[in-house]
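Reviewing the structure listed below.
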Amino acid sequence: MKLGRNDPCHCGSDKKFKRCCMNSSSKQHAQIYDDVEAMLAMNPGLSLDEMNVALQRKMQDRNNQPNADFCGVTPTQMGNWLYAPFDELEWVTISTPDSLVASPVMRYLALIIDEAMAQDGSFKTTGKGNLPLKLVKQASELLPEFSVAQFERGISISEFAGSNEDKFNALHYTRVLAEISGIIYRRSGCYHVKKAAQKQYQALGIQAFFKPMLDAAVSKYNWAYFDSLEYDVDLRNFWLFMLWRLQSHSSMEQLVEEVVTAFPDLLLAFPTDGYFSPKEQLSILIKSRFVERFLQFWGFATIDPRLNLNDKTDARMVKIQPLLKQSFQFTINP
């Protein structure tokens, strides 16, 4: 039997369903119904137009109130973080760091551009269309300079080194982002750096491409590209919320709890009959796609893969790197 919003909640809390286990979307609808009932009771002569105006004001007021489920962020602020274009994000300042030597992605991009610039703007691909082995070797040799080097145990299992591009995920990721960003393109068996990008590089260095590459990473690149998980949830809309929370506490376990609380409907996308619960499956996605790849590939954070390898729950701490705080300054006041 379907519970009414004013019925006792099935969890046994003795609270009304609308005040307890009802999901966020349904709660919003219930609150609107309550507002309508209250207004009609106090003003039975209200016209439909007057009712709509009053409801719009109430919704606007509610959207500008801190929401505990969003860790104190208002619905208006959250709406901007979820749906605004990269260059229209508010309550955060995204800056290009003075030095990008700690960022694998930006170091690899510099190698690609330097290789092309040394050969009049282009270089030959392999027969398969990948980056040449010479460049792959140069990129692999950079590993000791990155914070993730402390966790790498061998080239054969490394994301940050490899014998060719297919076995070097962070480098392949960089090349894909460079193409998506319009910095490079492939034609006639060569990779070319666009003329405009060459001029930008000569004038501003690799810093010129930090924001375009970041924009591509969070809004255009497919985060599921490297895995073949049978469940799939697009986490890109939530990247800034997750970044803000991790910068605050560095805890994977707490991050997952906060994401589930803020966006409970995400769990509905996961199967419930597997070895892992929906929440555990979401945790796996956040760790692999957001932390291990996005944050680590960019040099924003690291996580030790050697801890809790057999633990289905993820209580690991993420180590925030200086580059993250140099790049993102949150001005939100929950």
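Ordered as shown in the structure tokens, chains take letters A, B, and onward, while each chain numbers its residues from 1 and ligands are numbered from 1 in the order shown.
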
For the structure I just gave you, how does DSSP split segment 36-225 of chain A - specifically, which residues are strand (DSSP E or B)? Reply as a ChimeraX atom specification. /A:92-94,122-124,184-187,190-193

Dump of N, CA, C and O atoms for the selected residues, as a JSON list (two decimals), in the first residue's frame:
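Resulting contents of out-v3.json:
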[["chain", "number", "residue", "atom", "x", "y", "z"],
["A", 92, "VAL", "N", 32.81, 29.81, -6.38],
["A", 92, "VAL", "CA", 34.13, 29.18, -6.47],
["A", 92, "VAL", "C", 34.95, 29.98, -7.46],
["A", 92, "VAL", "O", 34.45, 30.43, -8.49],
["A", 93, "THR", "N", 36.21, 30.20, -7.11],
["A", 93, "THR", "CA", 37.14, 30.84, -8.04],
["A", 93, "THR", "C", 38.11, 29.79, -8.54],
["A", 93, "THR", "O", 38.79, 29.14, -7.75],
["A", 94, "ILE", "N", 38.13, 29.59, -9.85],
["A", 94, "ILE", "CA", 39.04, 28.62, -10.45],
["A", 94, "ILE", "C", 40.22, 29.38, -11.05],
["A", 94, "ILE", "O", 40.04, 30.19, -11.96],
["A", 122, "SER", "N", 53.69, 19.63, -35.98],
["A", 122, "SER", "CA", 53.05, 18.31, -36.05],
["A", 122, "SER", "C", 54.10, 17.21, -35.90],
["A", 122, "SER", "O", 55.30, 17.45, -36.05],
["A", 123, "PHE", "N", 53.63, 15.99, -35.60],
["A", 123, "PHE", "CA", 54.52, 14.82, -35.56],
["A", 123, "PHE", "C", 53.72, 13.60, -35.96],
["A", 123, "PHE", "O", 52.49, 13.58, -35.86],
["A", 124, "LYS", "N", 54.41, 12.57, -36.40],
["A", 124, "LYS", "CA", 53.75, 11.37, -36.89],
["A", 124, "LYS", "C", 53.20, 10.53, -35.75],
["A", 124, "LYS", "O", 53.80, 10.44, -34.67],
["A", 184, "ILE", "N", 44.82, 20.01, -30.15],
["A", 184, "ILE", "CA", 45.47, 19.20, -31.18],
["A", 184, "ILE", "C", 44.41, 18.51, -32.03],
["A", 184, "ILE", "O", 43.24, 18.42, -31.63],
["A", 185, "TYR", "N", 44.81, 18.03, -33.18],
["A", 185, "TYR", "CA", 43.93, 17.23, -34.01],
["A", 185, "TYR", "C", 44.78, 16.26, -34.82],
["A", 185, "TYR", "O", 45.97, 16.49, -35.04],
["A", 186, "ARG", "N", 44.16, 15.16, -35.26],
["A", 186, "ARG", "CA", 44.88, 14.15, -36.04],
["A", 186, "ARG", "C", 44.44, 14.22, -37.49],
["A", 186, "ARG", "O", 43.24, 14.25, -37.80],
["A", 187, "ARG", "N", 45.41, 14.23, -38.40],
["A", 187, "ARG", "CA", 45.11, 14.25, -39.83],
["A", 187, "ARG", "C", 46.30, 13.70, -40.60],
["A", 187, "ARG", "O", 47.45, 14.02, -40.30],
["A", 190, "CYS", "N", 49.29, 12.20, -38.71],
["A", 190, "CYS", "CA", 50.06, 13.09, -37.83],
["A", 190, "CYS", "C", 49.15, 13.75, -36.81],
["A", 190, "CYS", "O", 47.95, 13.95, -37.06],
["A", 191, "TYR", "N", 49.73, 14.10, -35.68],
["A", 191, "TYR", "CA", 49.06, 14.98, -34.72],
["A", 191, "TYR", "C", 49.55, 16.39, -34.97],
["A", 191, "TYR", "O", 50.76, 16.64, -35.04],
["A", 192, "HIS", "N", 48.61, 17.32, -35.08],
["A", 192, "HIS", "CA", 48.92, 18.71, -35.32],
["A", 192, "HIS", "C", 48.47, 19.56, -34.14],
["A", 192, "HIS", "O", 47.39, 19.31, -33.57],
["A", 193, "VAL", "N", 49.27, 20.54, -33.77],
["A", 193, "VAL", "CA", 48.83, 21.54, -32.79],
["A", 193, "VAL", "C", 48.25, 22.70, -33.59],
["A", 193, "VAL", "O", 48.90, 23.23, -34.50]]

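Nearest to Thr125 of chain A of all the residues A:Ala197, A:Ser188, A:Thr174, A:Ala161 is A:Ser188, counting only C-alpha atoms.
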
Taking 2 positions as the minimum chain separation for residues in the same chain, which residues sit within 12 Å of Tyr201 of chain A when counting only C-alpha atoms? Answer as a list in words. Leu109, Ala110, Ile112, Ile113, Asp114, Ala116, Met117, Gly121, Ile183, Val193, Lys194, Lys195, Ala196, Ala197, Gln198, Lys199, Ala203, Leu204, Gly205, Ile206, Gln207, Ala208, Phe209 and Phe210 of chain A

Written file, previous selection with N, CA and C atoms, as a PDB file, in the first residue's frame:
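Output contents, as saved in result-v2.pdb:
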ATOM      1  N   LEU A 109      50.781  17.142 -21.568  1.00  0.00           N
ATOM      2  CA  LEU A 109      50.355  18.038 -22.639  1.00  0.00           C
ATOM      3  C   LEU A 109      51.521  18.872 -23.141  1.00  0.00           C
ATOM      4  N   ALA A 110      52.367  19.345 -22.226  1.00  0.00           N
ATOM      5  CA  ALA A 110      53.538  20.131 -22.624  1.00  0.00           C
ATOM      6  C   ALA A 110      54.472  19.300 -23.502  1.00  0.00           C
ATOM      7  N   ILE A 112      53.595  16.847 -25.490  1.00  0.00           N
ATOM      8  CA  ILE A 112      52.950  16.701 -26.797  1.00  0.00           C
ATOM      9  C   ILE A 112      53.131  17.960 -27.637  1.00  0.00           C
ATOM     10  N   ILE A 113      52.912  19.113 -27.019  1.00  0.00           N
ATOM     11  CA  ILE A 113      53.036  20.371 -27.760  1.00  0.00           C
ATOM     12  C   ILE A 113      54.489  20.639 -28.133  1.00  0.00           C
ATOM     13  N   ASP A 114      55.405  20.390 -27.202  1.00  0.00           N
ATOM     14  CA  ASP A 114      56.833  20.610 -27.494  1.00  0.00           C
ATOM     15  C   ASP A 114      57.297  19.744 -28.655  1.00  0.00           C
ATOM     16  N   ALA A 116      55.510  18.635 -31.121  1.00  0.00           N
ATOM     17  CA  ALA A 116      54.972  19.181 -32.368  1.00  0.00           C
ATOM     18  C   ALA A 116      55.681  20.480 -32.758  1.00  0.00           C
ATOM     19  N   MET A 117      55.915  21.337 -31.794  1.00  0.00           N
ATOM     20  CA  MET A 117      56.540  22.638 -32.090  1.00  0.00           C
ATOM     21  C   MET A 117      57.955  22.457 -32.629  1.00  0.00           C
ATOM     22  N   GLY A 121      55.026  22.104 -35.935  1.00  0.00           N
ATOM     23  CA  GLY A 121      53.622  22.038 -35.534  1.00  0.00           C
ATOM     24  C   GLY A 121      52.956  20.689 -35.601  1.00  0.00           C
ATOM     25  N   ILE A 183      42.942  21.623 -28.926  1.00  0.00           N
ATOM     26  CA  ILE A 183      44.351  22.028 -28.916  1.00  0.00           C
ATOM     27  C   ILE A 183      45.114  21.286 -30.007  1.00  0.00           C
ATOM     28  N   VAL A 193      49.268  20.544 -33.767  1.00  0.00           N
ATOM     29  CA  VAL A 193      48.830  21.540 -32.794  1.00  0.00           C
ATOM     30  C   VAL A 193      48.249  22.704 -33.587  1.00  0.00           C
ATOM     31  N   LYS A 194      47.025  23.099 -33.253  1.00  0.00           N
ATOM     32  CA  LYS A 194      46.379  24.168 -33.989  1.00  0.00           C
ATOM     33  C   LYS A 194      47.208  25.451 -33.920  1.00  0.00           C
ATOM     34  N   LYS A 195      47.132  26.235 -34.993  1.00  0.00           N
ATOM     35  CA  LYS A 195      47.919  27.472 -35.077  1.00  0.00           C
ATOM     36  C   LYS A 195      47.626  28.401 -33.906  1.00  0.00           C
ATOM     37  N   ALA A 196      46.355  28.537 -33.574  1.00  0.00           N
ATOM     38  CA  ALA A 196      45.988  29.412 -32.455  1.00  0.00           C
ATOM     39  C   ALA A 196      46.592  28.907 -31.152  1.00  0.00           C
ATOM     40  N   ALA A 197      46.598  27.579 -30.971  1.00  0.00           N
ATOM     41  CA  ALA A 197      47.172  26.993 -29.754  1.00  0.00           C
ATOM     42  C   ALA A 197      48.674  27.204 -29.708  1.00  0.00           C
ATOM     43  N   GLN A 198      49.334  27.139 -30.860  1.00  0.00           N
ATOM     44  CA  GLN A 198      50.776  27.407 -30.898  1.00  0.00           C
ATOM     45  C   GLN A 198      51.083  28.824 -30.422  1.00  0.00           C
ATOM     46  N   LYS A 199      50.284  29.768 -30.879  1.00  0.00           N
ATOM     47  CA  LYS A 199      50.497  31.166 -30.472  1.00  0.00           C
ATOM     48  C   LYS A 199      50.252  31.343 -28.981  1.00  0.00           C
ATOM     49  N   ALA A 203      53.040  32.458 -26.116  1.00  0.00           N
ATOM     50  CA  ALA A 203      52.813  33.668 -25.324  1.00  0.00           C
ATOM     51  C   ALA A 203      52.646  33.386 -23.830  1.00  0.00           C
ATOM     52  N   LEU A 204      51.948  32.300 -23.494  1.00  0.00           N
ATOM     53  CA  LEU A 204      51.561  32.068 -22.096  1.00  0.00           C
ATOM     54  C   LEU A 204      52.085  30.768 -21.507  1.00  0.00           C
ATOM     55  N   GLY A 205      52.672  29.912 -22.329  1.00  0.00           N
ATOM     56  CA  GLY A 205      53.139  28.630 -21.823  1.00  0.00           C
ATOM     57  C   GLY A 205      51.984  27.666 -21.620  1.00  0.00           C
ATOM     58  N   ILE A 206      52.245  26.580 -20.907  1.00  0.00           N
ATOM     59  CA  ILE A 206      51.245  25.530 -20.720  1.00  0.00           C
ATOM     60  C   ILE A 206      50.052  26.021 -19.898  1.00  0.00           C
ATOM     61  N   GLN A 207      50.244  27.105 -19.124  1.00  0.00           N
ATOM     62  CA  GLN A 207      49.144  27.668 -18.324  1.00  0.00           C
ATOM     63  C   GLN A 207      47.954  28.065 -19.194  1.00  0.00           C
ATOM     64  N   ALA A 208      48.210  28.371 -20.466  1.00  0.00           N
ATOM     65  CA  ALA A 208      47.128  28.802 -21.360  1.00  0.00           C
ATOM     66  C   ALA A 208      46.057  27.739 -21.511  1.00  0.00           C
ATOM     67  N   PHE A 209      46.396  26.476 -21.260  1.00  0.00           N
ATOM     68  CA  PHE A 209      45.474  25.379 -21.546  1.00  0.00           C
ATOM     69  C   PHE A 209      44.897  24.725 -20.297  1.00  0.00           C
ATOM     70  N   PHE A 210      45.219  25.246 -19.129  1.00  0.00           N
ATOM     71  CA  PHE A 210      44.738  24.637 -17.889  1.00  0.00           C
ATOM     72  C   PHE A 210      43.208  24.642 -17.828  1.00  0.00           C
TER      73      PHE A 210
END

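Pairwise distance (atom CA of Asp215 of chain A, atom CA of Gln281 of chain A) equals 26.5 Å.
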
Between atom CA of Ile180 of chain A and atom CA of Ser327 of chain A, distance in Å (one decimal): 21.2 Å

Report as a PDB file with N, CA and C atoms, in the first residue's frame all protein, DNA and RNA residues lying within 12 Å of segment 83-86 of chain A, evaluated on only C-alpha atoms, omitting residues in the same chain fewer than 5 positions from it.
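Saved as result.pdb:
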ATOM      1  N   PRO A  75      19.647  25.452  -2.361  1.00  0.00           N
ATOM      2  CA  PRO A  75      19.265  24.873  -3.656  1.00  0.00           C
ATOM      3  C   PRO A  75      19.685  25.738  -4.841  1.00  0.00           C
ATOM      4  N   THR A  76      19.637  27.043  -4.682  1.00  0.00           N
ATOM      5  CA  THR A  76      20.075  27.938  -5.768  1.00  0.00           C
ATOM      6  C   THR A  76      21.552  27.739  -6.064  1.00  0.00           C
ATOM      7  N   GLN A  77      22.358  27.689  -5.011  1.00  0.00           N
ATOM      8  CA  GLN A  77      23.792  27.477  -5.197  1.00  0.00           C
ATOM      9  C   GLN A  77      24.070  26.107  -5.795  1.00  0.00           C
ATOM     10  N   MET A  78      23.362  25.084  -5.303  1.00  0.00           N
ATOM     11  CA  MET A  78      23.575  23.745  -5.829  1.00  0.00           C
ATOM     12  C   MET A  78      23.166  23.665  -7.294  1.00  0.00           C
ATOM     13  N   TRP A  91      30.383  30.987  -6.624  1.00  0.00           N
ATOM     14  CA  TRP A  91      30.800  30.570  -5.284  1.00  0.00           C
ATOM     15  C   TRP A  91      32.071  29.720  -5.302  1.00  0.00           C
ATOM     16  N   VAL A  92      32.812  29.809  -6.377  1.00  0.00           N
ATOM     17  CA  VAL A  92      34.127  29.183  -6.468  1.00  0.00           C
ATOM     18  C   VAL A  92      34.954  29.983  -7.459  1.00  0.00           C
ATOM     19  N   THR A  93      36.206  30.201  -7.114  1.00  0.00           N
ATOM     20  CA  THR A  93      37.136  30.844  -8.037  1.00  0.00           C
ATOM     21  C   THR A  93      38.111  29.789  -8.539  1.00  0.00           C
ATOM     22  N   ILE A  94      38.131  29.593  -9.854  1.00  0.00           N
ATOM     23  CA  ILE A  94      39.038  28.616 -10.446  1.00  0.00           C
ATOM     24  C   ILE A  94      40.219  29.376 -11.047  1.00  0.00           C
ATOM     25  N   LYS A 211      42.601  25.789 -18.011  1.00  0.00           N
ATOM     26  CA  LYS A 211      41.144  25.870 -17.903  1.00  0.00           C
ATOM     27  C   LYS A 211      40.429  25.189 -19.069  1.00  0.00           C
ATOM     28  N   PRO A 212      40.882  25.345 -20.310  1.00  0.00           N
ATOM     29  CA  PRO A 212      40.217  24.600 -21.385  1.00  0.00           C
ATOM     30  C   PRO A 212      40.275  23.083 -21.197  1.00  0.00           C
ATOM     31  N   MET A 213      41.407  22.580 -20.721  1.00  0.00           N
ATOM     32  CA  MET A 213      41.526  21.138 -20.479  1.00  0.00           C
ATOM     33  C   MET A 213      40.632  20.713 -19.318  1.00  0.00           C
ATOM     34  N   LEU A 214      40.577  21.529 -18.277  1.00  0.00           N
ATOM     35  CA  LEU A 214      39.738  21.215 -17.121  1.00  0.00           C
ATOM     36  C   LEU A 214      38.265  21.237 -17.506  1.00  0.00           C
ATOM     37  N   ASP A 215      37.880  22.209 -18.297  1.00  0.00           N
ATOM     38  CA  ASP A 215      36.498  22.286 -18.786  1.00  0.00           C
ATOM     39  C   ASP A 215      36.148  21.017 -19.551  1.00  0.00           C
ATOM     40  N   ALA A 216      37.043  20.581 -20.433  1.00  0.00           N
ATOM     41  CA  ALA A 216      36.804  19.356 -21.198  1.00  0.00           C
ATOM     42  C   ALA A 216      36.682  18.143 -20.277  1.00  0.00           C
ATOM     43  N   ALA A 217      37.487  18.105 -19.230  1.00  0.00           N
ATOM     44  CA  ALA A 217      37.505  16.955 -18.320  1.00  0.00           C
ATOM     45  C   ALA A 217      36.204  16.809 -17.546  1.00  0.00           C
ATOM     46  N   VAL A 218      35.573  17.921 -17.175  1.00  0.00           N
ATOM     47  CA  VAL A 218      34.383  17.842 -16.321  1.00  0.00           C
ATOM     48  C   VAL A 218      33.073  17.983 -17.083  1.00  0.00           C
ATOM     49  N   SER A 219      33.120  18.388 -18.345  1.00  0.00           N
ATOM     50  CA  SER A 219      31.865  18.599 -19.057  1.00  0.00           C
ATOM     51  C   SER A 219      31.750  17.853 -20.387  1.00  0.00           C
ATOM     52  N   LYS A 220      32.869  17.405 -20.956  1.00  0.00           N
ATOM     53  CA  LYS A 220      32.819  16.783 -22.281  1.00  0.00           C
ATOM     54  C   LYS A 220      33.378  15.361 -22.307  1.00  0.00           C
ATOM     55  N   ARG A 236      29.645  13.452 -13.436  1.00  0.00           N
ATOM     56  CA  ARG A 236      30.239  14.741 -13.801  1.00  0.00           C
ATOM     57  C   ARG A 236      29.488  15.934 -13.218  1.00  0.00           C
ATOM     58  N   ASN A 237      28.156  15.852 -13.156  1.00  0.00           N
ATOM     59  CA  ASN A 237      27.405  16.987 -12.616  1.00  0.00           C
ATOM     60  C   ASN A 237      27.767  17.301 -11.168  1.00  0.00           C
ATOM     61  N   PHE A 238      28.265  16.308 -10.460  1.00  0.00           N
ATOM     62  CA  PHE A 238      28.502  16.455  -9.029  1.00  0.00           C
ATOM     63  C   PHE A 238      29.966  16.762  -8.687  1.00  0.00           C
ATOM     64  N   TRP A 239      30.797  16.965  -9.711  1.00  0.00           N
ATOM     65  CA  TRP A 239      32.240  17.075  -9.481  1.00  0.00           C
ATOM     66  C   TRP A 239      32.599  18.216  -8.554  1.00  0.00           C
ATOM     67  N   LEU A 240      31.949  19.361  -8.679  1.00  0.00           N
ATOM     68  CA  LEU A 240      32.326  20.508  -7.864  1.00  0.00           C
ATOM     69  C   LEU A 240      31.878  20.339  -6.420  1.00  0.00           C
ATOM     70  N   PHE A 241      30.691  19.771  -6.219  1.00  0.00           N
ATOM     71  CA  PHE A 241      30.234  19.464  -4.863  1.00  0.00           C
ATOM     72  C   PHE A 241      31.195  18.490  -4.194  1.00  0.00           C
TER      73      PHE A 241
END
